[in-house]
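Shown next: my_file_9.csv, containing CSV, C-alpha atoms.
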chain,number,residue,atom,x,y,z
A,1,MET,CA,2.8,48.6,227.1
A,2,ALA,CA,2.5,52.2,225.9
A,3,ALA,CA,0.8,53.0,222.6
A,4,PRO,CA,3.1,54.3,219.9
A,5,ARG,CA,3.8,58.0,220.1
A,6,ARG,CA,4.1,60.2,217.0
A,7,SER,CA,7.1,62.4,216.8
A,8,GLY,CA,6.4,66.0,217.4
A,9,GLY,CA,9.3,67.1,215.2
A,10,ARG,CA,8.9,69.2,212.1
A,11,GLY,CA,12.0,68.1,210.3
A,12,CYS,CA,12.6,65.6,207.4
A,13,PHE,CA,10.2,63.0,208.6
A,14,GLY,CA,7.4,65.4,209.5
A,15,GLY,CA,6.6,63.3,212.6
A,16,ARG,CA,4.8,60.6,210.6
A,17,LEU,CA,5.4,57.2,212.1
A,18,VAL,CA,6.0,54.4,209.6
A,19,SER,CA,6.9,50.7,210.4
A,20,CYS,CA,7.4,48.2,207.6
A,21,MET,CA,5.6,45.5,209.5
A,22,ARG,CA,2.3,47.5,209.4
A,23,ASP,CA,2.6,48.3,205.7
A,24,VAL,CA,3.3,44.9,204.2
A,25,MET,CA,1.8,42.2,206.4
A,26,GLN,CA,-1.1,41.4,208.8
A,27,MET,CA,-0.1,41.4,212.4
A,28,PRO,CA,-1.7,38.6,214.5
A,29,ALA,CA,-3.3,39.9,217.7
A,30,ASN,CA,-0.7,38.2,220.0
A,31,LEU,CA,2.1,40.1,218.3
A,32,ILE,CA,0.5,43.6,218.4
A,33,PRO,CA,2.2,44.5,221.7
A,34,VAL,CA,5.7,44.0,220.2
A,35,SER,CA,4.6,45.8,217.0
A,36,GLU,CA,3.5,48.8,219.2
A,37,PHE,CA,6.7,48.7,221.1
A,38,VAL,CA,8.8,48.8,217.9
A,39,GLY,CA,6.5,51.6,216.7
A,40,GLU,CA,7.2,53.6,219.8
A,41,LYS,CA,11.0,53.1,219.4
A,42,MET,CA,10.7,54.0,215.7
A,43,ALA,CA,9.4,57.4,216.8
A,44,GLY,CA,12.7,57.8,218.6
A,45,VAL,CA,14.5,56.8,215.5
A,46,THR,CA,12.6,59.4,213.6
A,47,ARG,CA,13.4,62.1,216.1
A,48,ARG,CA,17.1,61.3,215.9
A,49,PHE,CA,16.9,61.3,212.1
A,50,GLU,CA,15.2,64.7,212.1
A,51,ALA,CA,17.6,66.2,214.6
A,52,GLN,CA,20.7,65.0,212.7
A,53,LEU,CA,19.5,66.4,209.3
A,54,ALA,CA,18.3,69.7,210.7
A,55,SER,CA,20.2,72.7,209.2
A,56,ASP,CA,20.3,76.4,209.7
A,57,LEU,CA,19.9,76.7,205.9
A,58,PRO,CA,16.3,76.7,204.6
A,59,PRO,CA,17.2,75.2,201.2
A,60,VAL,CA,18.8,72.2,202.9
A,61,ASN,CA,15.8,71.7,205.1
A,62,GLN,CA,13.5,72.0,202.1
A,63,LEU,CA,15.4,69.2,200.3
A,64,CYS,CA,15.5,67.0,203.4
A,65,ALA,CA,11.7,67.5,203.8
A,66,HIS,CA,11.3,66.3,200.3
A,67,VAL,CA,13.0,63.0,201.0
A,68,GLU,CA,10.2,62.2,203.4
A,69,ARG,CA,8.7,60.7,200.2
A,70,TYR,CA,11.6,58.2,200.1
A,71,ARG,CA,10.5,56.6,203.3
A,72,GLY,CA,8.8,53.3,202.6
A,73,LYS,CA,8.8,50.0,204.5
A,74,MET,CA,11.6,51.1,206.9
A,75,LEU,CA,13.0,47.6,206.7
A,76,ARG,CA,16.5,48.3,207.9
A,77,PRO,CA,15.7,50.3,211.1
A,78,THR,CA,12.9,47.8,212.0
A,79,LEU,CA,15.4,45.0,211.7
A,80,VAL,CA,17.8,46.8,214.0
A,81,LEU,CA,15.1,47.0,216.7
A,82,LEU,CA,13.7,43.5,216.2
A,83,CYS,CA,17.0,41.7,216.0
A,84,GLY,CA,18.0,43.6,219.2
A,85,LEU,CA,14.9,42.3,220.9
A,86,ALA,CA,15.2,38.7,219.6
A,87,ALA,CA,18.9,38.4,220.3
A,88,TYR,CA,18.7,39.6,223.9
A,89,ALA,CA,19.6,36.9,226.5
A,90,ARG,CA,16.1,36.9,227.9
A,91,ALA,CA,14.2,37.6,224.8
A,92,GLY,CA,10.5,38.2,225.3
A,93,SER,CA,10.9,39.7,228.7
A,94,GLU,CA,10.3,43.2,229.9
A,95,GLU,CA,14.0,43.4,230.5
A,96,ALA,CA,14.5,42.8,226.8
A,97,GLU,CA,12.4,45.8,225.9
A,98,ARG,CA,14.3,47.9,228.4
A,99,SER,CA,17.6,46.9,226.7
A,100,ILE,CA,16.5,48.6,223.5
A,101,GLY,CA,17.9,52.0,224.1
A,102,GLU,CA,19.4,55.1,222.5
A,103,ASP,CA,22.2,53.3,220.8
A,104,HIS,CA,19.7,51.0,219.0
A,105,GLU,CA,17.8,54.1,217.9
A,106,ARG,CA,21.0,55.8,216.7
A,107,ALA,CA,22.2,52.6,214.8
A,108,ALA,CA,18.7,52.3,213.2
A,109,ALA,CA,18.7,55.9,212.1
A,110,VAL,CA,22.2,55.5,210.7
A,111,CYS,CA,21.3,52.5,208.6
A,112,GLU,CA,18.2,54.3,207.2
A,113,MET,CA,20.2,57.4,206.3
A,114,VAL,CA,22.7,55.4,204.3
A,115,HIS,CA,19.9,53.6,202.6
A,116,MET,CA,18.1,56.8,201.7
A,117,ALA,CA,21.3,58.2,200.3
A,118,THR,CA,21.6,55.3,198.0
A,119,LEU,CA,18.0,55.8,196.8
A,120,VAL,CA,18.7,59.5,196.0
A,121,HIS,CA,21.8,58.6,194.1
A,122,ASP,CA,20.1,55.6,192.4
A,123,ASP,CA,17.4,57.9,191.0
A,124,VAL,CA,20.1,60.0,189.4
A,125,LEU,CA,21.8,57.0,187.9
A,126,ASP,CA,18.4,55.6,186.7
A,127,GLU,CA,17.1,59.0,185.6
A,128,ALA,CA,14.0,58.1,187.5
A,129,ASP,CA,11.1,60.5,187.8
A,130,THR,CA,9.0,58.8,190.5
A,131,ARG,CA,9.7,57.4,194.0
A,132,ARG,CA,7.1,56.5,196.5
A,133,ARG,CA,4.4,57.9,194.2
A,134,GLY,CA,6.1,61.4,194.2
A,135,GLU,CA,8.7,63.2,192.3
A,136,THR,CA,12.3,62.2,192.8
A,137,VAL,CA,14.8,64.8,194.0
A,138,ASN,CA,16.6,64.9,190.7
A,139,ARG,CA,13.3,65.4,188.9
A,140,LEU,CA,12.3,68.2,191.3
A,141,ARG,CA,15.7,70.0,191.7
A,142,GLY,CA,18.1,68.5,189.2
A,143,ASN,CA,21.0,66.0,189.4
A,144,GLU,CA,23.4,68.4,191.1
A,145,ALA,CA,21.1,68.9,194.1
A,146,ALA,CA,20.3,65.2,194.3
A,147,VAL,CA,23.9,64.1,194.3
A,148,ILE,CA,24.9,66.6,197.0
A,149,LEU,CA,21.8,65.7,199.1
A,150,GLY,CA,22.8,62.0,198.9
A,151,ASP,CA,26.3,63.1,200.1
A,152,TYR,CA,24.7,65.1,202.9
A,153,LEU,CA,22.7,62.1,204.1
A,154,ILE,CA,25.9,59.9,204.1
A,155,ALA,CA,27.9,62.5,206.0
A,156,SER,CA,25.0,62.9,208.5
A,157,ALA,CA,24.9,59.1,209.0
A,158,TYR,CA,28.6,59.0,209.9
A,159,HIS,CA,28.2,62.0,212.2
A,160,LEU,CA,25.3,60.3,214.0
A,161,CYS,CA,27.2,57.0,214.2
A,162,SER,CA,30.0,58.8,216.0
A,163,GLN,CA,27.5,59.6,218.8
A,164,ILE,CA,26.9,55.9,219.6
A,165,ARG,CA,28.0,55.7,223.2
A,166,HIS,CA,28.7,52.0,223.7
A,167,GLY,CA,30.4,50.0,221.0
A,168,GLY,CA,30.6,53.0,218.7
A,169,HIS,CA,33.9,51.8,217.2
A,170,ARG,CA,32.4,48.5,216.2
A,171,SER,CA,29.4,50.2,214.8
A,172,ALA,CA,31.5,52.7,212.8
A,173,LEU,CA,33.5,49.8,211.3
A,174,ALA,CA,30.4,47.9,210.4
A,175,VAL,CA,28.7,50.9,208.7
A,176,GLY,CA,31.9,51.9,207.0
A,177,ARG,CA,32.4,48.4,205.7
A,178,ALA,CA,28.8,48.1,204.5
A,179,SER,CA,29.0,51.5,202.7
A,180,MET,CA,32.2,50.5,200.9
A,181,VAL,CA,30.8,47.1,199.9
A,182,LEU,CA,27.6,48.7,198.7
A,183,CYS,CA,29.4,51.2,196.5
A,184,ALA,CA,31.6,48.4,195.1
A,185,GLY,CA,28.5,46.5,194.2
A,186,GLU,CA,27.0,49.4,192.4
A,187,LEU,CA,30.3,49.9,190.5
A,188,LEU,CA,30.3,46.2,189.6
A,189,GLN,CA,26.8,46.5,188.3
A,190,LEU,CA,27.7,49.5,186.3
A,191,HIS,CA,30.7,47.6,184.8
A,192,HIS,CA,28.3,44.9,183.6
A,193,ARG,CA,25.7,47.2,182.2
A,194,ASP,CA,24.4,45.8,178.9
A,195,ASN,CA,26.3,42.5,179.5
A,196,TYR,CA,23.7,40.0,178.3
A,197,SER,CA,26.1,37.1,179.1
A,198,LEU,CA,26.1,37.9,182.8
A,199,ASP,CA,26.1,34.7,184.8
A,200,GLU,CA,24.2,33.9,188.0
A,201,ARG,CA,27.4,34.0,190.1
A,202,THR,CA,28.1,37.6,189.1
A,203,TYR,CA,24.5,38.6,189.5
A,204,PHE,CA,24.4,37.3,193.1
A,205,GLU,CA,27.7,39.0,193.9
A,206,ILE,CA,26.3,42.3,192.7
A,207,VAL,CA,23.0,41.8,194.7
A,208,ASP,CA,24.9,40.6,197.8
A,209,ARG,CA,27.0,43.7,197.8
A,210,LYS,CA,24.6,46.5,196.7
A,211,THR,CA,21.5,45.4,198.6
A,212,ALA,CA,22.1,42.6,201.1
A,213,GLU,CA,25.1,44.0,202.8
A,214,LEU,CA,23.4,46.9,204.5
A,215,ILE,CA,20.4,44.7,205.5
A,216,ALA,CA,22.9,42.2,207.0
A,217,THR,CA,24.6,45.0,208.9
A,218,SER,CA,21.3,46.3,210.3
A,219,CYS,CA,20.6,42.9,211.8
A,220,GLU,CA,24.2,42.6,213.1
A,221,LEU,CA,24.1,45.9,214.8
A,222,GLY,CA,20.7,45.2,216.5
A,223,ALA,CA,22.1,42.0,218.0
A,224,PHE,CA,25.5,43.6,218.9
A,225,HIS,CA,23.9,46.5,220.8
A,226,SER,CA,21.8,44.0,222.8
A,227,GLY,CA,25.0,42.2,224.0
A,228,ALA,CA,24.8,39.2,221.7
A,229,ASP,CA,27.9,37.1,221.2
A,230,GLU,CA,29.8,37.0,218.0
A,231,ALA,CA,28.2,33.8,216.9
A,232,MET,CA,24.7,35.3,217.3
A,233,CYS,CA,25.7,38.5,215.6
A,234,ALA,CA,27.0,36.5,212.6
A,235,ARG,CA,23.9,34.3,212.5
A,236,LEU,CA,21.6,37.3,212.4
A,237,SER,CA,23.8,39.0,209.9
A,238,GLU,CA,23.5,36.0,207.6
A,239,PHE,CA,19.7,36.0,208.2
A,240,GLY,CA,19.7,39.6,206.9
A,241,ARG,CA,21.9,38.8,204.0
A,242,LYS,CA,19.6,36.1,202.7
A,243,LEU,CA,16.6,38.3,203.3
A,244,GLY,CA,18.3,41.1,201.4
A,245,VAL,CA,19.0,39.0,198.3
A,246,ALA,CA,15.4,37.7,198.3
A,247,PHE,CA,14.2,41.3,198.7
A,248,GLN,CA,16.2,42.4,195.6
A,249,ILE,CA,15.0,39.4,193.5
A,250,GLN,CA,11.4,40.5,194.4
A,251,ASP,CA,12.3,44.0,193.3
A,252,ASP,CA,13.6,42.6,190.0
A,253,LEU,CA,10.3,40.8,189.5
A,254,LEU,CA,8.3,43.9,190.4
A,255,ASP,CA,10.3,46.0,187.9
A,256,LEU,CA,9.4,43.5,185.2
A,257,THR,CA,5.8,42.7,186.1
A,258,GLY,CA,4.5,45.6,188.2
A,259,THR,CA,3.0,49.0,187.3
A,260,GLU,CA,4.1,52.4,188.5
A,261,ALA,CA,0.7,52.8,190.2
A,262,SER,CA,1.1,49.5,192.2
A,263,VAL,CA,4.9,49.7,192.9
A,264,GLY,CA,5.0,53.4,193.7
A,265,LYS,CA,8.1,54.2,191.6
A,266,SER,CA,9.3,54.2,188.0
A,267,VAL,CA,9.2,50.6,186.6
A,268,GLY,CA,11.1,49.2,183.6
A,269,LYS,CA,14.2,51.1,184.6
A,270,ASP,CA,16.3,47.9,184.8
A,271,LEU,CA,15.7,47.2,181.2
A,272,GLU,CA,16.1,50.8,180.2
A,273,LYS,CA,19.5,51.0,181.9
A,274,GLY,CA,20.7,47.6,180.8
A,275,LYS,CA,20.7,46.1,184.2
A,276,MET,CA,20.5,42.3,184.2
A,277,THR,CA,18.0,40.8,186.6
A,278,LEU,CA,17.6,37.2,187.7
A,279,PRO,CA,14.7,36.3,185.3
A,280,LEU,CA,16.7,37.7,182.4
A,281,VAL,CA,20.0,36.0,183.4
A,282,HIS,CA,18.2,32.6,183.7
A,283,HIS,CA,16.3,33.0,180.5
A,284,LEU,CA,19.3,34.0,178.3
A,285,ALA,CA,21.5,31.3,179.8
A,286,SER,CA,19.0,28.6,178.9
A,287,ALA,CA,17.8,29.9,175.6
A,288,ASP,CA,18.9,28.6,172.2
A,289,ALA,CA,20.5,31.0,169.7
A,290,LEU,CA,17.3,31.9,167.9
A,291,THR,CA,15.3,32.5,171.1
A,292,ARG,CA,18.2,34.5,172.6
A,293,GLY,CA,18.3,36.7,169.5
A,294,ARG,CA,14.6,37.4,169.7
A,295,THR,CA,14.8,38.1,173.4
A,296,LEU,CA,17.7,40.5,173.0
A,297,ALA,CA,15.7,42.4,170.4
A,298,LEU,CA,12.8,42.6,172.8
A,299,ILE,CA,15.1,43.8,175.6
A,300,GLU,CA,16.3,46.6,173.3
A,301,SER,CA,12.8,47.6,172.3
A,302,ALA,CA,11.6,47.6,176.0
A,303,GLY,CA,14.7,49.5,177.0
A,304,GLU,CA,14.0,52.2,174.5
A,305,ARG,CA,10.5,52.5,175.9
A,306,ALA,CA,9.0,51.5,172.5
A,307,GLY,CA,5.7,50.9,174.1
A,308,ALA,CA,3.9,48.4,176.4
A,309,GLY,CA,3.8,45.8,173.6
A,310,ALA,CA,7.5,45.0,173.7
A,311,GLU,CA,7.5,44.7,177.5
A,312,GLU,CA,4.4,42.5,177.5
A,313,THR,CA,6.0,40.2,174.9
A,314,LEU,CA,9.2,40.0,176.9
A,315,ARG,CA,7.3,39.1,180.0
A,316,ALA,CA,5.5,36.4,178.1
A,317,ALA,CA,8.9,35.1,176.8
A,318,LEU,CA,10.3,35.0,180.3
A,319,ALA,CA,7.2,33.2,181.6
A,320,SER,CA,7.3,30.6,178.8
A,321,THR,CA,10.8,29.5,179.8
A,322,GLY,CA,9.9,29.4,183.5
A,323,SER,CA,12.4,32.2,184.3
A,324,ILE,CA,9.9,34.3,186.2
A,325,ARG,CA,8.9,31.3,188.2
A,326,TYR,CA,12.6,30.4,188.7
A,327,ALA,CA,13.3,33.8,190.2
A,328,SER,CA,10.3,33.7,192.4
A,329,GLU,CA,11.2,30.2,193.7
A,330,THR,CA,14.8,31.3,194.3
A,331,ALA,CA,13.6,34.2,196.5
A,332,THR,CA,11.3,31.9,198.4
A,333,ARG,CA,14.1,29.4,199.0
A,334,LEU,CA,16.3,32.2,200.3
A,335,VAL,CA,13.6,33.3,202.7
A,336,ARG,CA,13.2,29.7,203.9
A,337,GLU,CA,17.0,29.5,204.5
A,338,ALA,CA,16.9,32.8,206.3
A,339,LYS,CA,14.1,31.6,208.6
A,340,ALA,CA,16.1,28.5,209.4
A,341,LEU,CA,18.8,30.7,210.8
A,342,LEU,CA,16.4,31.9,213.4
A,343,GLU,CA,15.9,28.5,214.9
A,344,ALA,CA,18.8,29.0,217.3
A,345,LEU,CA,17.0,32.0,218.9
A,346,ALA,CA,14.7,31.5,221.9
A,347,ALA,CA,11.0,31.8,221.3
A,348,SER,CA,9.8,35.4,221.6
A,349,PRO,CA,7.3,37.8,220.0
A,350,ALA,CA,10.2,39.5,218.2
A,351,LYS,CA,11.4,36.3,216.7
A,352,SER,CA,7.8,35.6,215.5
A,353,VAL,CA,7.7,39.0,213.8
A,354,LEU,CA,11.0,38.4,212.1
A,355,LEU,CA,9.6,35.2,210.7
A,356,LEU,CA,6.6,37.0,209.4
A,357,MET,CA,8.7,39.8,207.9
A,358,ALA,CA,10.8,37.2,206.1
A,359,ASP,CA,7.6,35.9,204.4
A,360,ALA,CA,6.4,39.4,203.6
A,361,VAL,CA,9.6,40.2,201.7
A,362,VAL,CA,8.5,37.9,198.8
A,363,ASP,CA,4.7,38.3,199.3
A,364,ARG,CA,4.8,42.1,198.8
A,365,THR,CA,3.6,43.8,195.7
A,366,TYR,CA,5.5,47.1,196.1
Once more with this new file: its structure as structure tokens, please.
Amino acid sequence: MAAPRRSGGRGCFGGRLVSCMRDVMQMPANLIPVSEFVGEKMAGVTRRFEAQLASDLPPVNQLCAHVERYRGKMLRPTLVLLCGLAAYARAGSEEAERSIGEDHERAAAVCEMVHMATLVHDDVLDEADTRRRGETVNRLRGNEAAVILGDYLIASAYHLCSQIRHGGHRSALAVGRASMVLCAGELLQLHHRDNYSLDERTYFEIVDRKTAELIATSCELGAFHSGADEAMCARLSEFGRKLGVAFQIQDDLLDLTGTEASVGKSVGKDLEKGKMTLPLVHHLASADALTRGRTLALIESAGERAGAGAEETLRAALASTGSIRYASETATRLVREAKALLEALAASPAKSVLLLMADAVVDRTY
């Protein structure tokens, strides 16, 4: 199997190859070949991404170059490729690798473009200064440029999606649906900002829409473009959905317990913007009136960035009621349920990597 090739492009991604599996987990020796194969295909995804975003206007190219900082674990495009490999009728064979073609690369690039657009827009909404240990677009160029750049990424995603040659209509419907659901989830979260009576059902509805939907779609498209039947596409979509909710819960925990240096982006923004996370939902639902009042005062102090003391006291309060542990255990349970959905797949290196990736979602520290 060929070693991964680095893209020679000079566009948005600068030719640097990134794969989430290499960043957040150790790869056993027997799975290195499939890791290298996915890395090689990821180079193709990168080239398509760069070509799609390339503009004849230098200011546009400069902004696109800056969002190179927004690349991180590349979870969604990696899931497109791995689910395509795992869902193929003869998974694990050389034929399965040959089945991963241009349409998989296009679908993977589309999913990442939509995701990156949401990050650019999220940073505007959150007034965040840091992303991937660098300045956000809004910090560097202002909110107007950031909003329009996010729109440019979304428009580029749909233009690239229209170039999918086989099953393009199905792909366009899936990406369009995911984008609508994602935006609705963000609007629902905005509606419930500072709602300290938010229940778990509503919390999970928000997370399912704004985070899990696009991850589910990435898994579905990977399977679809490998010729999987509807049942398999639905199974892998549900795998991605559970993985996505677990991923968001882990993000919630990192925003509460992590540092900017370790997480690589601004932390404490959920509190500052009045966004309810699972540890807070659980804690406030189970607290007596006195404890609830004290916690709300701590949330207000932490949200106003009154200093590390309020945040540390709040973390201690959440830990004392088992709310941090509850959130962590919920994420772990969802990962376990996601992995169970893969039992119907034939044994293959791609399936093994998907299982490892599922564990990495809750083991990560950034």
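Closest approach to Glu220 in chain A among A:Ser99, A:Ser162, A:Ser171, A:Asn30 is made by A:Ser171 (distances from only C-alpha atoms).
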Give me, as a tab-separated table, each residue of range 295-363 of chain A that comes within 12 Å of range 184-204 of chain A, together with its shortest interatomic pair and the distance in Å at one decimal, counting only C-alpha atoms, with rows ordered by chain and rising residue number.
residue	atom	partner	partner_atom	distance
A:Thr295	CA	A:Tyr196	CA	10.3
A:Leu296	CA	A:Tyr196	CA	8.0
A:Ala297	CA	A:Tyr196	CA	11.5
A:Ile299	CA	A:Tyr196	CA	9.8
A:Glu300	CA	A:Asp194	CA	9.9
A:Gly303	CA	A:Asp194	CA	10.6
A:Ala327	CA	A:Glu200	CA	11.1
A:Thr330	CA	A:Phe204	CA	11.4
A:Ala331	CA	A:Phe204	CA	11.7
A:Leu334	CA	A:Phe204	CA	12.0
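Distance annotation: of A:Leu125, A:Leu153, A:Leu354, A:Met42, the residue with the minimal separation from Ala54 in chain A is A:Leu153; atom set is all atoms listed in the file.
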> So which one's closest to Ala65 in chain A, A:Leu31, A:Val335, A:Val137, A:Leu85? Using all atoms listed in the file, please.
Replying inline: A:Val137
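Nearest to Ala223 in chain A of all the residues A:Glu36, A:Glu337, A:Asp270, A:Asp103 is A:Asp103, counting only C-alpha atoms.
Proximity of A:Phe239, A:Cys183, A:Ala228, A:Ala128 to Glu272 in chain A, computed with all atoms listed in the file, is greatest for A:Ala128.
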> Could you name the residues that touch Gly150 in chain A at 12 Å or less, counting all atoms listed in the file, but leaving out those on the same chain fewer than 5 positions away, as a ChimeraX atom specification?
Replying inline: /A:53,60,63-64,67,70,113-124,137-138,143-145,155-157
> For the atom pair CA of Ala347 in chain A and CA of Cys83 in chain A, what is the interatomic distance in Å to one decimal place?
Replying inline: 12.7 Å
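Between CA of Met232 in chain A and CA of Leu345 in chain A lies a distance of 8.5 Å.
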> Neighbours of Leu314 in chain A within 12 Å (only C-alpha atoms; same-chain residues fewer than 6 positions away dropped), as number ranges by chain?
Replying inline: A: 256-257, 268, 271, 279-280, 283-284, 291-292, 294-303, 307-308, 320-321, 323-324
Got time to write the residues from that selection, C-alpha atoms, as a compact mmCIF listing (two decimals), in the coordinates of the input?
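Full text of selection_31.txt as output:
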# COMPACT_ATOMS: atom_id res chain seq x y z
CA LEU A 256 9.40 43.50 185.20
CA THR A 257 5.80 42.70 186.10
CA GLY A 268 11.10 49.20 183.60
CA LEU A 271 15.70 47.20 181.20
CA PRO A 279 14.70 36.30 185.30
CA LEU A 280 16.70 37.70 182.40
CA HIS A 283 16.30 33.00 180.50
CA LEU A 284 19.30 34.00 178.30
CA THR A 291 15.30 32.50 171.10
CA ARG A 292 18.20 34.50 172.60
CA ARG A 294 14.60 37.40 169.70
CA THR A 295 14.80 38.10 173.40
CA LEU A 296 17.70 40.50 173.00
CA ALA A 297 15.70 42.40 170.40
CA LEU A 298 12.80 42.60 172.80
CA ILE A 299 15.10 43.80 175.60
CA GLU A 300 16.30 46.60 173.30
CA SER A 301 12.80 47.60 172.30
CA ALA A 302 11.60 47.60 176.00
CA GLY A 303 14.70 49.50 177.00
CA GLY A 307 5.70 50.90 174.10
CA ALA A 308 3.90 48.40 176.40
CA SER A 320 7.30 30.60 178.80
CA THR A 321 10.80 29.50 179.80
CA SER A 323 12.40 32.20 184.30
CA ILE A 324 9.90 34.30 186.20
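Distance-wise, CA of Ser226 in chain A and CA of Ala174 in chain A end up 15.6 Å apart.
For Phe49 in chain A, the residues within 10 Å (counting all atoms listed in the file, excluding itself and residues fewer than 3 positions away along the chain) are Gly11, Cys12, Phe13, Ala43, Gly44, Val45, Thr46, Gln52, Leu53, Ala54, Glu105, Arg106, Ala108, Ala109, Val110, Glu112, Met113, Leu153, Ser156, Ala157 and Leu160 of chain A.
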